[in-house]
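K.L.:
I am sharing target_13.txt, which consists of compact mmCIF, C-alpha atoms:
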# COMPACT_ATOMS: atom_id res chain seq x y z
CA GLY A 4 43.03 158.06 174.09
CA MET A 5 43.50 161.15 171.95
CA ALA A 6 40.96 160.00 169.35
CA LEU A 7 38.26 159.65 172.02
CA ARG A 8 39.07 163.11 173.39
CA GLU A 9 38.98 164.66 169.89
CA ASP A 10 35.63 163.03 169.13
CA SER A 11 34.29 164.27 172.45
CA ILE A 12 35.40 167.84 171.71
CA TRP A 13 33.95 167.67 168.22
CA ASN A 14 30.62 166.35 169.53
CA GLU A 15 30.49 169.24 172.00
CA ILE A 16 31.10 171.73 169.18
CA VAL A 17 28.46 170.15 166.91
CA ASN A 18 25.88 170.03 169.71
CA ALA A 19 26.60 173.64 170.71
CA CYS A 20 26.15 174.78 167.11
CA ALA A 21 22.88 172.82 166.77
CA ASP A 22 21.58 174.27 170.04
CA LEU A 23 22.49 177.80 168.95
CA ALA A 24 20.82 177.36 165.55
CA GLN A 25 17.65 175.99 167.19
CA SER A 26 17.64 178.82 169.74
CA ASN A 27 18.00 181.44 167.00
CA ALA A 28 15.19 179.85 164.96
CA ASP A 29 12.89 179.71 168.00
CA ASP A 30 13.69 183.34 168.81
CA VAL A 31 12.79 184.48 165.28
CA ILE A 32 9.46 182.61 165.45
CA ARG A 33 8.79 184.17 168.87
CA GLN A 34 9.53 187.67 167.55
CA LEU A 35 7.23 187.16 164.55
CA ASP A 36 4.44 186.05 166.89
CA MET A 37 4.97 189.03 169.19
CA VAL A 38 4.47 191.55 166.38
CA GLY A 39 1.50 189.72 164.91
CA VAL A 40 3.05 188.18 161.79
CA ASP A 41 1.28 185.09 160.45
CA LEU A 42 3.82 182.33 159.75
CA ILE A 43 3.01 179.72 157.09
CA GLU A 44 5.62 177.03 156.43
CA GLY A 45 5.85 175.69 152.89
CA PHE A 46 7.12 176.32 149.36
CA ALA A 47 5.64 179.37 147.61
CA SER A 48 5.35 180.08 143.91
CA PHE A 49 3.61 182.58 141.68
CA PRO A 50 0.54 181.36 139.75
CA ASP A 51 0.76 180.36 136.09
CA SER A 52 -1.65 183.18 135.28
CA GLY A 53 1.22 185.65 135.64
CA GLY A 54 -0.44 187.62 138.41
CA THR A 55 1.63 188.88 141.34
CA GLU A 56 -1.17 189.58 143.83
CA SER A 57 -1.19 186.01 145.13
CA LEU A 58 1.07 183.06 145.90
CA TYR A 59 0.45 179.32 146.03
CA VAL A 60 2.02 177.75 149.13
CA THR A 61 2.59 173.97 149.09
CA LYS A 62 2.77 172.64 152.65
CA SER A 63 4.48 169.53 154.01
CA ASP A 64 1.24 167.52 153.71
CA ASN A 65 1.05 168.54 150.00
CA SER A 66 -1.98 170.73 150.60
CA ILE A 67 -1.91 174.07 148.78
CA GLU A 68 -2.93 177.38 150.32
CA THR A 69 -3.45 180.58 148.35
CA ILE A 70 -2.09 183.76 149.93
CA LYS A 71 -3.20 187.16 148.63
CA ALA A 72 -1.03 190.25 149.15
CA ASP A 73 -0.76 193.79 147.84
CA LYS A 74 3.03 193.63 148.07
CA ILE A 75 5.43 190.68 148.09
CA LEU A 76 9.04 190.51 149.28
CA ILE A 77 11.18 187.63 147.98
CA ALA A 78 13.95 186.70 150.44
CA THR A 79 14.51 183.01 149.74
CA GLY A 80 18.26 183.14 150.27
CA SER A 81 20.85 180.96 148.55
CA ARG A 82 22.47 177.54 148.59
CA PRO A 83 26.03 176.38 147.93
CA PHE A 84 27.08 176.17 144.29
CA ARG A 85 28.06 172.58 143.48
CA PRO A 86 30.48 172.25 140.55
CA GLY A 87 30.23 169.12 138.44
CA GLY A 88 32.74 166.34 138.91
CA ILE A 89 32.84 166.54 142.72
CA PRO A 90 31.45 163.39 144.45
CA PHE A 91 29.52 165.11 147.25
CA ASP A 92 28.44 162.47 149.75
CA GLY A 93 27.93 164.32 153.04
CA LYS A 94 30.42 161.94 154.70
CA ARG A 95 33.85 162.80 153.32
CA VAL A 96 33.09 165.34 150.58
CA PHE A 97 31.05 168.39 151.57
CA ASP A 98 29.69 171.74 150.42
CA SER A 99 29.51 174.72 152.78
CA ASP A 100 26.07 173.68 154.10
CA THR A 101 26.55 169.92 154.48
CA ILE A 102 29.88 170.48 156.29
CA ASN A 103 27.70 171.29 159.30
CA THR A 104 26.74 167.60 159.44
CA LEU A 105 30.38 166.43 159.68
CA SER A 106 30.37 163.75 162.39
CA TYR A 107 34.09 163.74 163.25
CA LEU A 108 37.03 166.11 163.53
CA PRO A 109 39.24 165.38 160.51
CA LYS A 110 42.97 165.22 161.09
CA SER A 111 43.38 166.83 157.67
CA ILE A 112 41.07 168.66 155.30
CA ALA A 113 41.38 170.25 151.86
CA ILE A 114 39.21 173.26 151.05
CA THR A 115 38.64 174.66 147.58
CA GLY A 116 37.69 178.33 147.53
CA SER A 117 39.01 181.79 148.16
CA GLY A 118 35.96 183.58 149.55
CA ILE A 119 34.88 184.42 153.07
CA ILE A 120 33.31 181.00 153.74
CA ALA A 121 36.41 179.08 152.60
CA VAL A 122 38.69 181.26 154.72
CA GLU A 123 36.42 180.99 157.78
CA PHE A 124 36.32 177.19 157.64
CA ALA A 125 40.08 177.02 157.01
CA LYS A 126 40.68 179.01 160.20
CA ILE A 127 38.10 177.01 162.19
CA PHE A 128 39.62 173.62 161.33
CA ARG A 129 43.18 174.87 161.78
CA ASN A 130 42.34 176.26 165.23
CA LEU A 131 40.88 172.87 166.12
CA GLY A 132 44.18 171.21 165.20
CA SER A 133 43.48 169.90 161.69
CA ASP A 134 46.05 170.11 158.91
CA VAL A 135 44.42 172.42 156.38
CA THR A 136 45.17 172.82 152.67
CA LEU A 137 43.45 175.72 150.91
CA ILE A 138 43.18 175.22 147.14
CA ILE A 139 42.88 178.52 145.26
CA ARG A 140 42.64 178.88 141.45
CA ASP A 141 44.05 182.42 141.48
CA ARG A 142 47.86 182.56 141.47
CA ILE A 143 47.73 185.52 143.86
CA PRO A 144 45.43 184.76 146.84
CA ARG A 145 45.20 188.46 147.76
CA ASN A 146 43.70 189.21 144.35
CA ALA A 147 41.06 186.50 144.82
CA LEU A 148 39.91 188.19 148.03
CA MET A 149 39.93 191.61 146.40
CA LYS A 150 37.62 190.30 143.67
CA ILE A 151 34.91 189.70 146.27
CA GLY A 152 35.25 193.22 147.65
CA LEU A 153 37.96 193.10 150.31
CA ASP A 154 40.26 196.08 150.66
CA LYS A 155 43.75 195.43 149.26
CA ASP A 156 45.54 195.88 152.59
CA VAL A 157 42.95 193.85 154.52
CA ALA A 158 43.27 191.03 151.95
CA ALA A 159 47.07 191.04 152.29
CA VAL A 160 46.91 190.86 156.10
CA LEU A 161 44.34 188.05 155.92
CA VAL A 162 46.48 185.95 153.58
CA ALA A 163 49.53 186.53 155.79
CA ASP A 164 47.51 185.38 158.80
CA LEU A 165 46.45 182.18 157.00
CA VAL A 166 50.08 181.35 156.22
CA ARG A 167 51.23 182.25 159.74
CA SER A 168 48.60 179.96 161.27
CA GLY A 169 50.03 177.00 159.35
CA ILE A 170 47.43 176.70 156.59
CA LYS A 171 48.99 175.40 153.39
CA ILE A 172 47.86 177.41 150.36
CA GLN A 173 48.05 175.70 146.97
CA LYS A 174 47.66 178.72 144.68
CA GLY A 175 46.96 178.66 140.96
CA THR A 176 45.61 175.10 141.31
CA GLN A 177 42.42 173.13 140.89
CA VAL A 178 41.27 169.58 141.70
CA THR A 179 41.38 167.02 138.89
CA TYR A 180 40.14 163.82 140.54
CA PHE A 181 38.96 162.21 143.77
CA ASP A 182 39.75 158.73 145.02
CA VAL A 183 37.47 158.38 148.05
CA ASP A 184 35.71 155.65 149.98
CA SER A 185 32.65 157.27 151.58
CA ASN A 186 32.32 154.48 154.17
CA SER A 187 35.90 154.58 155.41
CA ARG A 188 38.12 156.98 157.29
CA THR A 189 41.12 156.01 155.21
CA PRO A 190 42.60 159.23 153.78
CA MET A 191 41.23 160.06 150.33
CA SER A 192 43.46 161.07 147.44
CA ILE A 193 42.86 164.34 145.61
CA GLY A 194 44.66 165.13 142.36
CA LEU A 195 45.83 168.65 141.60
CA GLU A 196 46.67 170.51 138.41
CA GLY A 197 47.36 174.11 137.48
CA LYS A 198 44.53 176.55 136.78
CA ASN A 199 42.74 175.64 133.53
CA GLY A 200 44.92 172.55 133.20
CA ALA A 201 48.24 174.40 133.24
CA PRO A 202 51.33 172.66 134.68
CA LEU A 203 51.86 172.90 138.42
CA ALA A 204 54.70 174.94 139.90
CA THR A 205 57.81 172.84 140.66
CA ASN A 206 57.16 172.83 144.43
CA GLN A 207 53.49 171.85 144.20
CA PRO A 208 52.23 168.27 144.76
CA GLU A 209 50.25 166.45 142.07
CA GLU A 210 48.27 164.62 144.75
CA ILE A 211 47.40 165.19 148.38
CA LYS A 212 45.83 162.85 150.96
CA VAL A 213 43.23 164.19 153.39
CA ASP A 214 40.43 162.93 155.64
CA ALA A 215 37.80 165.34 154.30
CA TYR A 216 37.20 167.79 151.47
CA LEU A 217 35.10 170.97 151.38
CA ALA A 218 34.07 172.83 148.23
CA ALA A 219 33.31 176.45 149.20
CA VAL A 220 33.20 177.96 145.73
CA GLY A 221 30.33 180.39 145.94
CA ARG A 222 26.59 180.31 146.38
CA LYS A 223 23.56 180.19 144.11
CA PRO A 224 20.33 182.20 144.61
CA ASN A 225 17.22 180.15 145.46
CA THR A 226 15.04 181.19 142.52
CA ASP A 227 14.43 177.92 140.71
CA ASN A 228 10.91 176.95 141.81
CA LEU A 229 9.18 180.31 142.29
CA ASN A 230 7.65 180.49 138.78
CA LEU A 231 9.31 183.89 138.34
CA VAL A 232 9.20 183.86 134.53
CA ARG A 233 5.39 183.81 134.51
CA ALA A 234 5.41 186.73 136.98
CA GLY A 235 7.64 188.77 134.67
CA ILE A 236 10.50 188.77 137.16
CA GLU A 237 13.85 188.75 135.38
CA LEU A 238 17.07 187.11 136.58
CA ASP A 239 20.72 187.84 135.89
CA GLU A 240 23.07 185.30 134.29
CA PHE A 241 23.81 183.72 137.68
CA GLY A 242 20.16 183.24 138.66
CA GLY A 243 19.93 186.29 140.94
CA ILE A 244 16.81 188.48 140.83
CA LEU A 245 17.27 191.79 139.01
CA VAL A 246 16.13 194.82 141.05
CA ASN A 247 16.31 198.61 140.73
CA SER A 248 17.65 201.02 143.35
CA SER A 249 14.40 200.64 145.32
CA LEU A 250 14.83 196.82 145.43
CA ALA A 251 11.79 196.45 143.13
CA THR A 252 11.85 193.54 140.68
CA THR A 253 10.69 193.65 137.06
CA SER A 254 7.26 192.22 137.98
CA LYS A 255 4.47 193.40 135.70
CA ALA A 256 2.46 195.04 138.48
CA GLY A 257 5.52 196.56 140.18
CA ASN A 258 4.50 195.14 143.57
CA VAL A 259 7.23 192.51 144.06
CA PHE A 260 10.50 193.35 145.80
CA ALA A 261 13.53 191.24 146.69
CA ALA A 262 16.40 191.37 149.19
CA GLY A 263 19.31 189.32 150.48
CA ASP A 264 21.19 186.41 148.91
CA VAL A 265 18.43 185.90 146.34
CA LEU A 266 19.87 188.98 144.55
CA GLY A 267 23.32 187.40 144.24
CA ARG A 268 26.64 188.74 145.44
CA PRO A 269 28.02 189.56 147.94
CA PHE A 270 26.03 186.86 149.85
CA LEU A 271 26.63 188.47 153.25
CA ALA A 272 24.20 188.53 156.19
CA SER A 273 24.92 192.21 156.92
CA THR A 274 24.13 193.12 153.30
CA GLY A 275 20.91 191.11 153.42
CA VAL A 276 19.74 192.93 156.55
CA ALA A 277 20.47 196.34 154.99
CA GLN A 278 18.68 195.33 151.78
CA GLY A 279 15.69 194.06 153.76
CA ILE A 280 15.33 197.38 155.57
CA ALA A 281 15.69 199.31 152.29
CA ALA A 282 13.10 197.10 150.59
CA ILE A 283 10.56 197.55 153.39
CA ASN A 284 11.10 201.32 153.29
CA SER A 285 10.49 201.25 149.54
CA MET A 286 7.35 199.15 149.94
CA PHE A 287 5.73 201.03 152.81
CA GLY A 288 7.68 204.25 153.30
CA ALA A 289 10.35 205.02 155.88
CA PRO A 290 9.21 205.13 159.57
CA GLU A 291 9.16 208.94 159.58
CA GLN A 292 6.81 208.85 156.57
CA ASN A 293 4.60 206.02 157.77
CA PRO A 294 4.02 205.74 161.56
CA ASN A 295 2.75 202.16 161.10
CA VAL A 296 6.17 200.90 159.93
Rewrite the structure of this file - the entire thing - as structure tokens.

P.N.:
Amino acid sequence: GMALREDSIWNEIVNACADLAQSNADDVIRQLDMVGVDLIEGFASFPDSGGTESLYVTKSDNSIETIKADKILIATGSRPFRPGGIPFDGKRVFDSDTINTLSYLPKSIAITGSGIIAVEFAKIFRNLGSDVTLIIRDRIPRNALMKIGLDKDVAAVLVADLVRSGIKIQKGTQVTYFDVDSNSRTPMSIGLEGKNGAPLATNQPEEIKVDAYLAAVGRKPNTDNLNLVRAGIELDEFGGILVNSSLATTSKAGNVFAAGDVLGRPFLASTGVAQGIAAINSMFGAPEQNPNV
């Protein structure tokens, strides 16, 4: 039957993604070993003393190791932002990380968000045959993409492509309620209203029924448990680490740098790589200045 075939295809996709992720992780560990980098797995934080020449690392067995370093680079990444009022369950209602654990190919899915991640998942599920509804708070989807840095013409072409591929865009809308049974595949009901509670346009539904829901509404820097305040490292209003043009933080000793998603927007891998290179050059000098880099 079709359902069996769809599940089989989905399982192949999930397994391929898991294999690729594992292969990439193994390759990174292998590269670190090849160049002589010591790898310690655990959760690091600065000491309560306020010093920035050492870190406490709590390992999986709850033992704590102290690491001393002249310079420290914070690159702890980010996690999905989870708005209140959304019943995330990892079965029917997902964020942009837990969606990777989806165990079935939904016949229909609603996605809230207007950034790169929301658009990517909308295209992925549509190309796999799902009915996709993209819920965007901005009344003009092109403008929402421009706000995150896309060129005006590129944003316009991207929106046109979404529409042409059959993705339904509910613009100027937001979700008001969920009626979902986490242990069933019966379509859930999602209520819609206009942005900030405004009335919906005449052609917009007040409720839609879908098999799954994804909230892809931004990411949040992983800075919560690093004890940054004691280290004198300041954050912006969104929790991102504040740095200067050299990627140096506000640490008291001036020896702590940061790069990647932990700084905040734009939350892109390419940006993180460029920031990492710039931070290392600031910490140790560019290769032409320091032959050991």

K.L.:
Restricting the calculation to only C-alpha atoms, which member of A:Asp182, A:Asp73, A:Asp154, A:Glu15 is positioned closest to A:Phe260?

P.N.:
A:Asp73

K.L.:
Using all atoms listed in the file for the distances, tell me which of A:Lys74, A:Leu137, A:Gly194, A:Glu68 is nearest to A:Thr252.

P.N.:
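Using all atoms listed in the file, the shortest distance to A:Thr252 belongs to A:Lys74.
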
K.L.:
List the residues sitting within 10 Å of (21.4, 191.1, 150.8) in the file's frame, using all atoms listed in the file, as a CSV table (one decimal) with C-alpha atoms, keeping the file's coordinate frame.

P.N.:
chain,number,residue,atom,x,y,z
A,78,ALA,CA,14.0,186.7,150.4
A,80,GLY,CA,18.3,183.1,150.3
A,261,ALA,CA,13.5,191.2,146.7
A,262,ALA,CA,16.4,191.4,149.2
A,263,GLY,CA,19.3,189.3,150.5
A,264,ASP,CA,21.2,186.4,148.9
A,265,VAL,CA,18.4,185.9,146.3
A,266,LEU,CA,19.9,189.0,144.6
A,267,GLY,CA,23.3,187.4,144.2
A,268,ARG,CA,26.6,188.7,145.4
A,269,PRO,CA,28.0,189.6,147.9
A,270,PHE,CA,26.0,186.9,149.8
A,271,LEU,CA,26.6,188.5,153.2
A,272,ALA,CA,24.2,188.5,156.2
A,273,SER,CA,24.9,192.2,156.9
A,274,THR,CA,24.1,193.1,153.3
A,275,GLY,CA,20.9,191.1,153.4
A,276,VAL,CA,19.7,192.9,156.6
A,277,ALA,CA,20.5,196.3,155.0
A,278,GLN,CA,18.7,195.3,151.8
A,279,GLY,CA,15.7,194.1,153.8
A,280,ILE,CA,15.3,197.4,155.6

K.L.:
Could you check the closest approach to A:Lys255 for each of A:Leu42, A:Asp239, A:Ile127, A:Arg233 and tell me which residue wins, using only C-alpha atoms?

P.N.:
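So, comparing all the options, the nearest one is A:Arg233.
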
K.L.:
With only C-alpha atoms as the counted atoms, please give the residues lying no more than 8 Å from A:Ile151, apart from itself and same-chain residues fewer than 3 positions off, as a count of residues only.

P.N.:
4

K.L.:
Hey, which of A:Gly200, A:Gly132, A:Gly54, A:Pro86 ends up closest to A:Ile170? Count all atoms listed in the file.

P.N.:
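Comparing A:Gly200, A:Gly132, A:Gly54, A:Pro86 against A:Ile170, the winner is A:Gly132.
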
K.L.:
As AutoDock Vina command-line options, please: the centre and edge lengths in Å, to one decimal, of an axis-aligned box enclosing every listed atom of stretch 112-127 of chain A with 4 Å added on each side.

P.N.:
--center_x 37.3 --center_y 176.5 --center_z 154.9 --size_x 16.1 --size_y 23.8 --size_z 22.7

K.L.:
Dump as a CSV table (one decimal) with C-alpha atoms, in the coordinates of the input all residues having an atom at most 12 Å from (3.5, 194.3, 135.3), computed in the file's coordinates with only C-alpha atoms.

P.N.:
chain,number,residue,atom,x,y,z
A,53,GLY,CA,1.2,185.6,135.6
A,54,GLY,CA,-0.4,187.6,138.4
A,55,THR,CA,1.6,188.9,141.3
A,56,GLU,CA,-1.2,189.6,143.8
A,232,VAL,CA,9.2,183.9,134.5
A,233,ARG,CA,5.4,183.8,134.5
A,234,ALA,CA,5.4,186.7,137.0
A,235,GLY,CA,7.6,188.8,134.7
A,236,ILE,CA,10.5,188.8,137.2
A,237,GLU,CA,13.8,188.8,135.4
A,251,ALA,CA,11.8,196.4,143.1
A,252,THR,CA,11.8,193.5,140.7
A,253,THR,CA,10.7,193.6,137.1
A,254,SER,CA,7.3,192.2,138.0
A,255,LYS,CA,4.5,193.4,135.7
A,256,ALA,CA,2.5,195.0,138.5
A,257,GLY,CA,5.5,196.6,140.2
A,258,ASN,CA,4.5,195.1,143.6
A,259,VAL,CA,7.2,192.5,144.1

K.L.:
A:Gln25, A:Gln207, A:Asn284, A:Ser185: which is nearest A:Ile138, counting all atoms listed in the file?

P.N.:
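Distance minimum relative to A:Ile138 lands on A:Gln207.
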
K.L.:
Could you produce a table of the residues of stretch 11-95 of chain A lying within 12 Å of stretch 240-243 of chain A, with the nearest pair of atoms per residue and their separation in Å rounded to one decimal, using all atoms listed in the file, ordered by chain and increasing residue number, as a tab-separated table?

P.N.:
residue	atom	partner	partner_atom	distance
A:Ile77	CA	A:Gly243	CA	11.3
A:Ala78	CA	A:Gly243	CA	11.2
A:Thr79	CA	A:Gly243	CA	10.8
A:Gly80	CA	A:Gly243	CA	10.0
A:Ser81	CA	A:Gly243	CA	9.3
A:Arg82	CA	A:Gly242	CA	11.7
A:Phe84	CA	A:Phe241	CA	10.6

K.L.:
Which residues are near stretch 58-67 of chain A? Cut-off 8 Å, all atoms listed in the file, ignore same chain within fewer than 4 positions. Put them as number ranges by chain.

P.N.:
A: 44-50, 71

K.L.:
Skipping near chain neighbours, those fewer than 4 positions away, what residues fall within 12 Å of A:Ile119 using only C-alpha atoms, listed as a count of residues only?

P.N.:
24

K.L.:
For A:Met191, please output as a list in words all residues within 10 Å (counting only C-alpha atoms; exclusion window: fewer than 5 positions along the same chain).

P.N.:
Arg95, Val96, Ile112, Phe181, Asp182, Val183, Asp184, Ser185, Ile211, Lys212, Val213, Asp214, Ala215 and Tyr216 of chain A

K.L.:
Atom CA of A:Lys155 and atom CA of A:Gly175 are how many Å apart?

P.N.:
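Those two atoms sit 19.0 Å apart.
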
K.L.:
Quick one: distance from atom CA of A:Asp22 to atom CA of A:Lys94 in Å, one decimal?

P.N.:
21.6 Å
